[in-house]
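Structure below is structure35.cif: mmCIF, C-alpha atoms and all ligand atoms.
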data_coords
#
loop_
_atom_site.label_atom_id
_atom_site.label_comp_id
_atom_site.auth_asym_id
_atom_site.auth_seq_id
_atom_site.Cartn_x
_atom_site.Cartn_y
_atom_site.Cartn_z
CA MET Y 25 -23.43 -47.64 -1.74
CA ARG Y 26 -23.13 -47.94 2.03
CA ILE Y 27 -19.37 -47.23 1.75
CA LEU Y 28 -20.12 -44.13 -0.28
CA ARG Y 29 -22.57 -42.90 2.37
CA ARG Y 30 -20.01 -43.53 5.07
CA GLU Y 31 -17.38 -41.55 3.11
CA THR Y 32 -19.81 -38.67 2.66
CA ALA Y 33 -20.54 -38.69 6.37
CA MET Y 34 -16.79 -38.71 7.16
CA LEU Y 35 -16.31 -35.74 4.85
CA PHE Y 36 -19.02 -33.74 6.66
CA LEU Y 37 -17.49 -34.65 10.00
CA ALA Y 38 -14.05 -33.51 8.79
CA ILE Y 39 -15.53 -30.19 7.67
CA ALA Y 40 -17.37 -29.78 10.98
CA PHE Y 41 -14.41 -30.61 13.21
CA ILE Y 42 -11.37 -29.39 11.25
CA VAL Y 43 -12.26 -26.77 8.62
CA LEU Y 44 -14.95 -24.84 10.51
CA PRO Y 45 -12.89 -24.31 13.70
CA CYS Y 46 -9.95 -23.03 11.58
CA PHE Y 47 -12.33 -20.68 9.78
CA ALA Y 48 -13.74 -19.48 13.12
CA GLN Y 49 -10.17 -18.94 14.41
CA ASP Y 50 -9.30 -16.84 11.31
CA GLN Y 51 -12.47 -14.81 11.86
CA ASP Y 52 -11.52 -14.23 15.51
CA ASN Y 53 -8.00 -13.13 14.51
CA GLN Y 54 -9.36 -10.71 11.91
CA THR Y 55 -11.91 -9.31 14.37
CA GLU Y 56 -9.09 -8.66 16.85
CA ILE Y 57 -6.95 -6.98 14.15
CA ASP Y 58 -9.91 -4.81 13.11
CA ARG Y 59 -10.54 -3.81 16.72
CA LYS Y 60 -6.91 -2.84 17.36
CA VAL Y 61 -6.48 -0.93 14.08
CA ASN Y 62 -9.78 0.92 14.50
CA LYS Y 63 -8.79 1.95 18.02
CA PHE Y 64 -5.28 2.99 16.94
CA LEU Y 65 -6.54 5.05 14.01
CA GLY Y 66 -9.24 6.64 16.20
CA ASP Y 67 -6.76 7.53 18.96
CA ASN Y 68 -4.25 8.99 16.47
CA LYS Y 69 -6.66 10.70 14.08
CA TYR Y 70 -5.24 14.19 14.69
CA ARG Y 71 -1.65 13.22 15.46
CA TRP Y 72 -0.20 12.63 11.98
CA ARG Y 73 2.36 15.41 11.48
CA ASP Y 74 5.05 13.91 9.23
CA LEU Y 75 3.68 14.59 5.74
CA ASN Y 76 1.27 11.68 6.20
CA VAL Y 77 -1.65 11.08 3.86
CA PRO Y 78 -5.05 12.41 4.95
CA GLU Y 79 -7.43 9.77 6.29
CA ALA Y 80 -9.61 9.99 3.15
CA ASP Y 81 -6.65 9.03 0.93
CA GLY Y 82 -5.69 6.19 3.28
CA LYS Y 83 -9.23 4.83 2.91
CA ILE Y 84 -8.92 5.00 -0.89
CA LEU Y 85 -5.73 2.88 -0.79
CA TYR Y 86 -7.51 0.41 1.50
CA ASP Y 87 -10.47 0.15 -0.88
CA LEU Y 88 -8.26 -0.29 -3.97
CA ILE Y 89 -6.58 -3.31 -2.34
CA ILE Y 90 -9.77 -4.92 -1.00
CA GLU Y 91 -11.72 -4.44 -4.24
CA ASN Y 92 -8.97 -6.00 -6.36
CA GLY Y 93 -7.70 -8.58 -3.87
CA TYR Y 94 -4.13 -7.32 -4.18
CA LYS Y 95 -1.50 -9.10 -2.12
CA SER Y 96 2.19 -8.37 -2.78
CA SER Y 97 2.60 -4.66 -2.14
CA LEU Y 98 5.29 -1.99 -2.02
CA GLU Y 99 5.24 1.49 -0.52
CA ILE Y 100 7.93 4.09 -1.26
CA GLY Y 101 7.91 6.67 1.55
CA THR Y 102 6.73 5.23 4.89
CA SER Y 103 7.16 8.33 7.03
CA THR Y 104 5.60 7.38 10.39
CA GLY Y 105 3.30 4.84 8.78
CA HIS Y 106 -0.18 6.28 8.28
CA SER Y 107 -0.67 5.07 4.69
CA ALA Y 108 1.20 1.82 5.45
CA ILE Y 109 -1.34 1.08 8.18
CA TRP Y 110 -4.26 1.51 5.78
CA ILE Y 111 -2.50 -0.63 3.17
CA ALA Y 112 -1.47 -3.36 5.61
CA TRP Y 113 -4.92 -3.43 7.20
CA ALA Y 114 -6.37 -4.25 3.76
CA LEU Y 115 -3.62 -6.82 3.19
CA SER Y 116 -4.51 -8.52 6.48
CA LYS Y 117 -7.82 -9.32 4.75
CA THR Y 118 -6.50 -10.31 1.31
CA GLY Y 119 -3.62 -12.43 2.69
CA GLY Y 120 -0.93 -10.06 1.43
CA LYS Y 121 2.20 -8.38 2.73
CA LEU Y 122 3.73 -4.90 2.39
CA ILE Y 123 7.34 -3.83 1.92
CA THR Y 124 7.67 -0.17 2.87
CA ILE Y 125 10.79 2.02 2.55
CA GLU Y 126 11.83 5.09 4.56
CA ILE Y 127 15.14 6.94 4.55
CA ASP Y 128 14.67 8.99 7.75
CA LYS Y 129 15.63 7.03 10.91
CA ARG Y 130 13.35 8.93 13.32
CA ARG Y 131 10.30 8.42 11.12
CA TYR Y 132 11.23 4.79 10.49
CA ASP Y 133 11.52 4.11 14.25
CA GLN Y 134 8.19 5.79 14.92
CA ALA Y 135 6.59 3.78 12.10
CA LEU Y 136 7.86 0.52 13.61
CA LYS Y 137 6.30 1.48 16.93
CA ASN Y 138 3.04 2.41 15.25
CA PHE Y 139 2.91 -0.91 13.36
CA ARG Y 140 3.37 -2.81 16.65
CA ASP Y 141 0.83 -0.65 18.48
CA CYS Y 142 -1.88 -1.24 15.89
CA GLY Y 143 -1.14 -4.97 15.64
CA LEU Y 144 -0.16 -5.02 11.95
CA GLU Y 145 3.59 -5.67 12.33
CA ASN Y 146 3.30 -9.19 10.86
CA PHE Y 147 1.98 -7.79 7.59
CA ILE Y 148 4.73 -5.18 7.14
CA ASP Y 149 8.38 -5.53 6.17
CA ALA Y 150 9.70 -2.03 6.96
CA ARG Y 151 13.08 -1.10 5.49
CA LEU Y 152 15.32 1.80 6.48
CA ALA Y 153 16.94 2.56 3.13
CA ASP Y 154 17.34 4.96 0.24
CA ALA Y 155 14.53 3.99 -2.12
CA HIS Y 156 16.57 5.26 -5.09
CA GLU Y 157 18.79 2.21 -4.59
CA LEU Y 158 16.50 -0.33 -2.94
CA VAL Y 159 13.57 -0.14 -5.37
CA LYS Y 160 15.89 -1.17 -8.22
CA ASP Y 161 17.09 -4.17 -6.20
CA LEU Y 162 13.68 -5.52 -5.18
CA SER Y 163 12.65 -8.40 -7.38
CA GLY Y 164 8.85 -8.16 -7.05
CA PRO Y 165 6.51 -9.02 -8.63
CA PHE Y 166 4.10 -6.54 -7.07
CA GLU Y 167 0.35 -6.19 -7.40
CA PHE Y 168 0.07 -2.86 -5.61
CA VAL Y 169 2.61 -0.04 -5.37
CA PHE Y 170 2.15 3.26 -3.54
CA ILE Y 171 4.62 6.04 -4.39
CA ASP Y 172 4.75 8.80 -1.77
CA ALA Y 173 8.37 9.92 -1.33
CA ASP Y 174 10.60 12.53 -3.01
CA LYS Y 175 8.41 13.94 -5.77
CA ASP Y 176 11.22 14.72 -8.24
CA TRP Y 177 12.08 11.01 -8.35
CA TYR Y 178 8.54 9.75 -9.09
CA THR Y 179 9.19 9.01 -12.76
CA GLU Y 180 12.36 7.11 -11.87
CA TYR Y 181 10.42 5.07 -9.31
CA ALA Y 182 7.79 4.33 -11.94
CA LYS Y 183 10.43 3.21 -14.46
CA ALA Y 184 11.83 0.83 -11.84
CA VAL Y 185 8.51 -0.69 -10.70
CA VAL Y 186 6.43 -0.88 -13.89
CA PRO Y 187 8.35 -3.96 -15.19
CA LYS Y 188 7.85 -5.63 -11.78
CA LEU Y 189 4.10 -4.98 -11.74
CA GLU Y 190 1.73 -7.89 -12.40
CA THR Y 191 -0.86 -7.52 -15.16
CA GLY Y 192 -3.95 -6.08 -13.49
CA GLY Y 193 -1.73 -4.54 -10.81
CA CYS Y 194 -1.87 -0.93 -9.69
CA ILE Y 195 0.57 1.91 -9.06
CA ALA Y 196 -0.93 4.71 -6.98
CA ALA Y 197 1.11 7.92 -6.69
CA HIS Y 198 0.35 10.67 -4.20
CA ASN Y 199 0.36 14.44 -4.84
CA VAL Y 200 0.15 14.08 -8.61
CA THR Y 201 -1.71 16.60 -10.74
CA GLU Y 202 -2.38 17.21 -14.42
CA ARG Y 203 -1.33 20.85 -14.34
CA SER Y 204 1.79 22.31 -12.78
CA SER Y 205 1.30 24.07 -9.45
CA ARG Y 206 3.45 27.00 -8.34
CA ARG Y 207 4.93 24.76 -5.63
CA GLY Y 208 5.84 22.09 -8.17
CA ARG Y 209 7.54 24.59 -10.50
CA GLY Y 210 9.52 26.22 -7.73
CA ARG Y 211 11.22 23.39 -5.89
CA ARG Y 212 14.68 22.02 -6.66
CA GLY Y 213 14.82 23.91 -9.95
CA GLY Y 214 13.37 20.98 -11.92
CA GLY Y 215 9.75 21.89 -11.64
CA GLY Y 216 6.48 20.31 -12.64
CA TYR Y 217 7.56 16.86 -11.44
CA GLU Y 218 4.00 15.92 -10.48
CA VAL Y 219 2.92 16.72 -14.05
CA LYS Y 220 5.92 14.95 -15.60
CA TYR Y 221 5.05 11.78 -13.70
CA HIS Y 222 1.46 11.97 -14.92
CA GLU Y 223 2.59 12.57 -18.50
CA TYR Y 224 5.02 9.65 -18.31
CA MET Y 225 2.38 7.23 -17.04
CA ARG Y 226 -0.10 8.43 -19.65
CA SER Y 227 2.53 7.78 -22.35
CA LEU Y 228 2.61 4.05 -21.52
CA ASP Y 229 -0.05 2.45 -23.71
CA PHE Y 230 -0.29 -0.64 -21.50
CA MET Y 231 -1.08 1.45 -18.41
CA GLU Y 232 -4.45 3.10 -17.81
CA THR Y 233 -3.96 6.17 -15.63
CA THR Y 234 -6.64 8.29 -14.00
CA LEU Y 235 -6.66 10.82 -11.18
CA HIS Y 236 -8.83 9.49 -8.39
CA PRO Y 237 -11.88 11.79 -8.16
CA ASP Y 238 -12.24 11.53 -4.36
CA ALA Y 239 -8.61 11.88 -3.28
CA ARG Y 240 -7.78 14.90 -1.13
CA SER Y 241 -4.21 15.37 -2.42
CA GLY Y 242 -4.05 14.23 -6.05
CA LEU Y 243 -3.84 10.46 -6.39
CA ALA Y 244 -2.84 9.05 -9.79
CA VAL Y 245 -4.05 5.46 -10.15
CA SER Y 246 -2.42 3.45 -12.94
CA ILE Y 247 -3.56 -0.07 -13.82
CA LYS Y 248 -1.38 -2.38 -15.91
CA LYS Y 249 -3.58 -3.68 -18.72
CA LYS Y 250 -1.15 -6.12 -20.34
C1 LIG J 301 5.01 12.28 2.09
S1 LIG J 301 6.02 11.40 3.22
C2 LIG J 301 5.27 9.80 3.25
C3 LIG J 301 3.99 9.76 4.03
C4 LIG J 301 3.47 8.35 4.27
N1 LIG J 301 3.21 7.68 3.03
C5 LIG J 301 2.24 8.38 5.11
O1 LIG J 301 1.15 8.63 4.60
O2 LIG J 301 2.33 8.17 6.33
C6 LIG J 301 7.46 11.11 2.25
C7 LIG J 301 8.51 10.30 2.97
O3 LIG J 301 9.45 9.84 2.01
C8 LIG J 301 10.71 9.80 2.61
N2 LIG J 301 11.74 9.80 1.55
C9 LIG J 301 12.17 10.84 0.78
N3 LIG J 301 13.13 10.45 -0.06
C10 LIG J 301 13.33 9.12 0.17
C11 LIG J 301 14.20 8.15 -0.38
N4 LIG J 301 15.07 8.46 -1.34
N5 LIG J 301 14.13 6.88 0.09
C12 LIG J 301 13.24 6.56 1.06
N6 LIG J 301 12.40 7.45 1.62
C13 LIG J 301 12.43 8.70 1.19
C14 LIG J 301 10.74 11.04 3.47
O4 LIG J 301 11.70 10.95 4.50
C15 LIG J 301 9.30 11.09 3.99
O5 LIG J 301 9.19 10.53 5.27
#

Render the structure in this file as structure tokens.
Amino acid sequence: MRILRRETAMLFLAIAFIVLPCFAQDQDNQTEIDRKVNKFLGDNKYRWRDLNVPEADGKILYDLIIENGYKSSLEIGTSTGHSAIWIAWALSKTGGKLITIEIDKRRYDQALKNFRDCGLENFIDARLADAHELVKDLSGPFEFVFIDADKDWYTEYAKAVVPKLETGGCIAAHNVTERSSRRGRGRRGGGGYEVKYHEYMRSLDFMETTLHPDARSGLAVSIKKK
């Protein structure tokens, strides 16, 4: 009995001296990340000029990850990193990591600088590559995928990532609508690519696809059900 009491006491001491300080350290780290990211996003609020997502849509990506506890993540189309920062900020809280792909060297370089400046570089594996090739080669599995690159390739991206998506995982695609816009019909002769992507995702019976009601620029959110 006395031995048992001593073991219980030792356990409490271990929690007090080992686990709690580690927890406090993690809290301090997260507080510092939050401070840096908040400051960076505040300072750069009106400086996103490279086809970046609006702040409201960045917040939606952040919420999707936090609410579902997603970890392994992929972004197609980094640009200078606005959406990647929102995604990686959420991943800093869920314990995840982001691979993000950009083909344009100037944007890629600026994104790397932005990731360092906001303190999220350890949560982001940024690749300078053609996503048409690289996405096929990535093994996954992924829990969260954000597609925001060349619109006429969206369905091809989806075909490549759906098999690598975990059950319960999410593919969010930017600038997707249900009806064809004039802009969508006119470009590159193909036309209606944002609609074709939506139709393709809706045709997959194991994916549940909705357009996010609060997104500023058409955000299709597809959840893998089985
Ligand atoms: C709409 S912007 C991405 C914006 C970014 N998600 C953000 O919110 O900051 C699309 C980006 O995709 C990149 N892109 C287009 N085709 C690509 C490809 N085949 N591989 C990789 N990146 C590509 C473009 O250079 C561009 O920077």

- Exercise: region 185-187 of chain Y partners within 12 Å, only C-alpha atoms, chain neighbours under 2 positions left out, as a ChimeraX atom specification: /Y:97-100,155-156,158-171,178-183,189-196,224-225,228,230-231,246-250

Where is the centre and how long are the edges: axis-aligned box on ligand LIG 301 (chain J), 6 Å on each side, Å to one decimal, as AutoDock Vina command-line options:
--center_x 8.1 --center_y 9.4 --center_z 2.5 --size_x 25.9 --size_y 17.7 --size_z 19.7

- request: Set the cut-off to 7 Å, count only C-alpha atoms and all ligand atoms, and list whatever residues fall near ligand LIG 301 (chain J) as a ChimeraX atom specification.
  value: /Y:74-77,100-108,125-128,131,153-156,172-174

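For the choices Y:Ala184, Y:Ala244, Y:Val200, Y:Asn138, the atom-to-atom distance to Arg71 (chain Y) is smallest for Y:Asn138 when using all atoms listed in the file.
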
Tell me, counting all atoms listed in the file, for each residue of region 126-205 of chain Y within 8 Å of region 52-57 of chain Y, which pair of atoms is nearest and how far apart they are in Å to one decimal, in rows ordered by chain and increasing number, as CSV.
residue,atom,partner,partner_atom,distance
Y:Cys142,CA,Y:Ile57,CA,7.9
Y:Gly143,CA,Y:Ile57,CA,6.3
Y:Leu144,CA,Y:Ile57,CA,7.4

| Pick the closest to Lys60 (chain Y) from Y:Asp176, Y:Asp133, Y:Glu223, Y:Asp141: which is it, counting all atoms listed in the file? |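 Among the listed residues, the smallest separation from Lys60 (chain Y) belongs to Y:Asp141.
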
(request) Excluding region 78-92 of chain Y and residues on its chain fewer than 3 positions from it, collect all residues at most 6 Å away from it, counting all atoms listed in the file, and give them as a ChimeraX atom specification. (result) /Y:107,110-111,114,239

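Reported to one decimal place, the separation of CA of Pro237 (chain Y) from CA of Ile123 (chain Y) is 26.7 Å.
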
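A straight line drawn from CA of Asn146 (chain Y) to CA of Phe47 (chain Y) is 19.4 Å long.
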
#### Entry: Best match for closeness to Ser96 (chain Y) among Y:Lys121, Y:His236, Y:Arg30, Y:Lys188, counting all atoms listed in the file
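That would be Y:Lys121, the residue with the smallest distance to Ser96 (chain Y).
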
N, CA and C atoms are what I want for region 92-112 of chain Y; can you complete it accordingly and write them as a compact mmCIF listing (two decimals), in the coordinates of the input?
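part-v7.txt, written as the output of this step:
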# COMPACT_ATOMS: atom_id res chain seq x y z
N ASN Y 92 -9.70 -5.24 -5.34
CA ASN Y 92 -8.97 -6.00 -6.36
C ASN Y 92 -8.25 -7.22 -5.80
N GLY Y 93 -8.34 -7.43 -4.50
CA GLY Y 93 -7.70 -8.58 -3.87
C GLY Y 93 -6.19 -8.59 -4.00
N TYR Y 94 -5.59 -7.38 -4.04
CA TYR Y 94 -4.13 -7.32 -4.18
C TYR Y 94 -3.42 -7.91 -2.97
N LYS Y 95 -2.27 -8.52 -3.23
CA LYS Y 95 -1.50 -9.10 -2.12
C LYS Y 95 -0.11 -8.46 -2.03
N SER Y 96 0.81 -8.86 -2.91
CA SER Y 96 2.19 -8.37 -2.78
C SER Y 96 2.25 -6.86 -3.05
N SER Y 97 2.69 -6.12 -2.04
CA SER Y 97 2.60 -4.66 -2.14
C SER Y 97 3.90 -3.98 -1.74
N LEU Y 98 4.10 -2.78 -2.30
CA LEU Y 98 5.29 -1.99 -2.02
C LEU Y 98 4.87 -0.54 -1.78
N GLU Y 99 5.45 0.06 -0.74
CA GLU Y 99 5.24 1.49 -0.52
C GLU Y 99 6.60 2.19 -0.51
N ILE Y 100 6.69 3.30 -1.24
CA ILE Y 100 7.93 4.09 -1.26
C ILE Y 100 7.62 5.38 -0.49
N GLY Y 101 8.21 5.52 0.69
CA GLY Y 101 7.91 6.67 1.55
C GLY Y 101 6.98 6.29 2.69
N THR Y 102 7.55 5.68 3.74
CA THR Y 102 6.73 5.23 4.89
C THR Y 102 6.33 6.39 5.77
N SER Y 103 7.27 7.34 5.96
CA SER Y 103 7.16 8.33 7.03
C SER Y 103 6.89 7.59 8.35
N THR Y 104 5.88 8.04 9.12
CA THR Y 104 5.60 7.38 10.39
C THR Y 104 4.52 6.31 10.27
N GLY Y 105 4.09 6.06 9.02
CA GLY Y 105 3.30 4.84 8.78
C GLY Y 105 1.81 4.96 8.59
N HIS Y 106 1.28 6.19 8.39
CA HIS Y 106 -0.18 6.28 8.28
C HIS Y 106 -0.71 5.49 7.08
N SER Y 107 -0.18 5.79 5.87
CA SER Y 107 -0.67 5.07 4.69
C SER Y 107 -0.35 3.57 4.78
N ALA Y 108 0.83 3.24 5.34
CA ALA Y 108 1.20 1.82 5.45
C ALA Y 108 0.18 1.07 6.30
N ILE Y 109 -0.35 1.74 7.32
CA ILE Y 109 -1.34 1.08 8.18
C ILE Y 109 -2.63 0.79 7.41
N TRP Y 110 -3.06 1.75 6.60
CA TRP Y 110 -4.26 1.51 5.78
C TRP Y 110 -4.02 0.38 4.78
N ILE Y 111 -2.83 0.40 4.16
CA ILE Y 111 -2.50 -0.63 3.17
C ILE Y 111 -2.42 -2.00 3.85
N ALA Y 112 -1.67 -2.07 4.95
CA ALA Y 112 -1.47 -3.36 5.61
C ALA Y 112 -2.77 -3.89 6.22
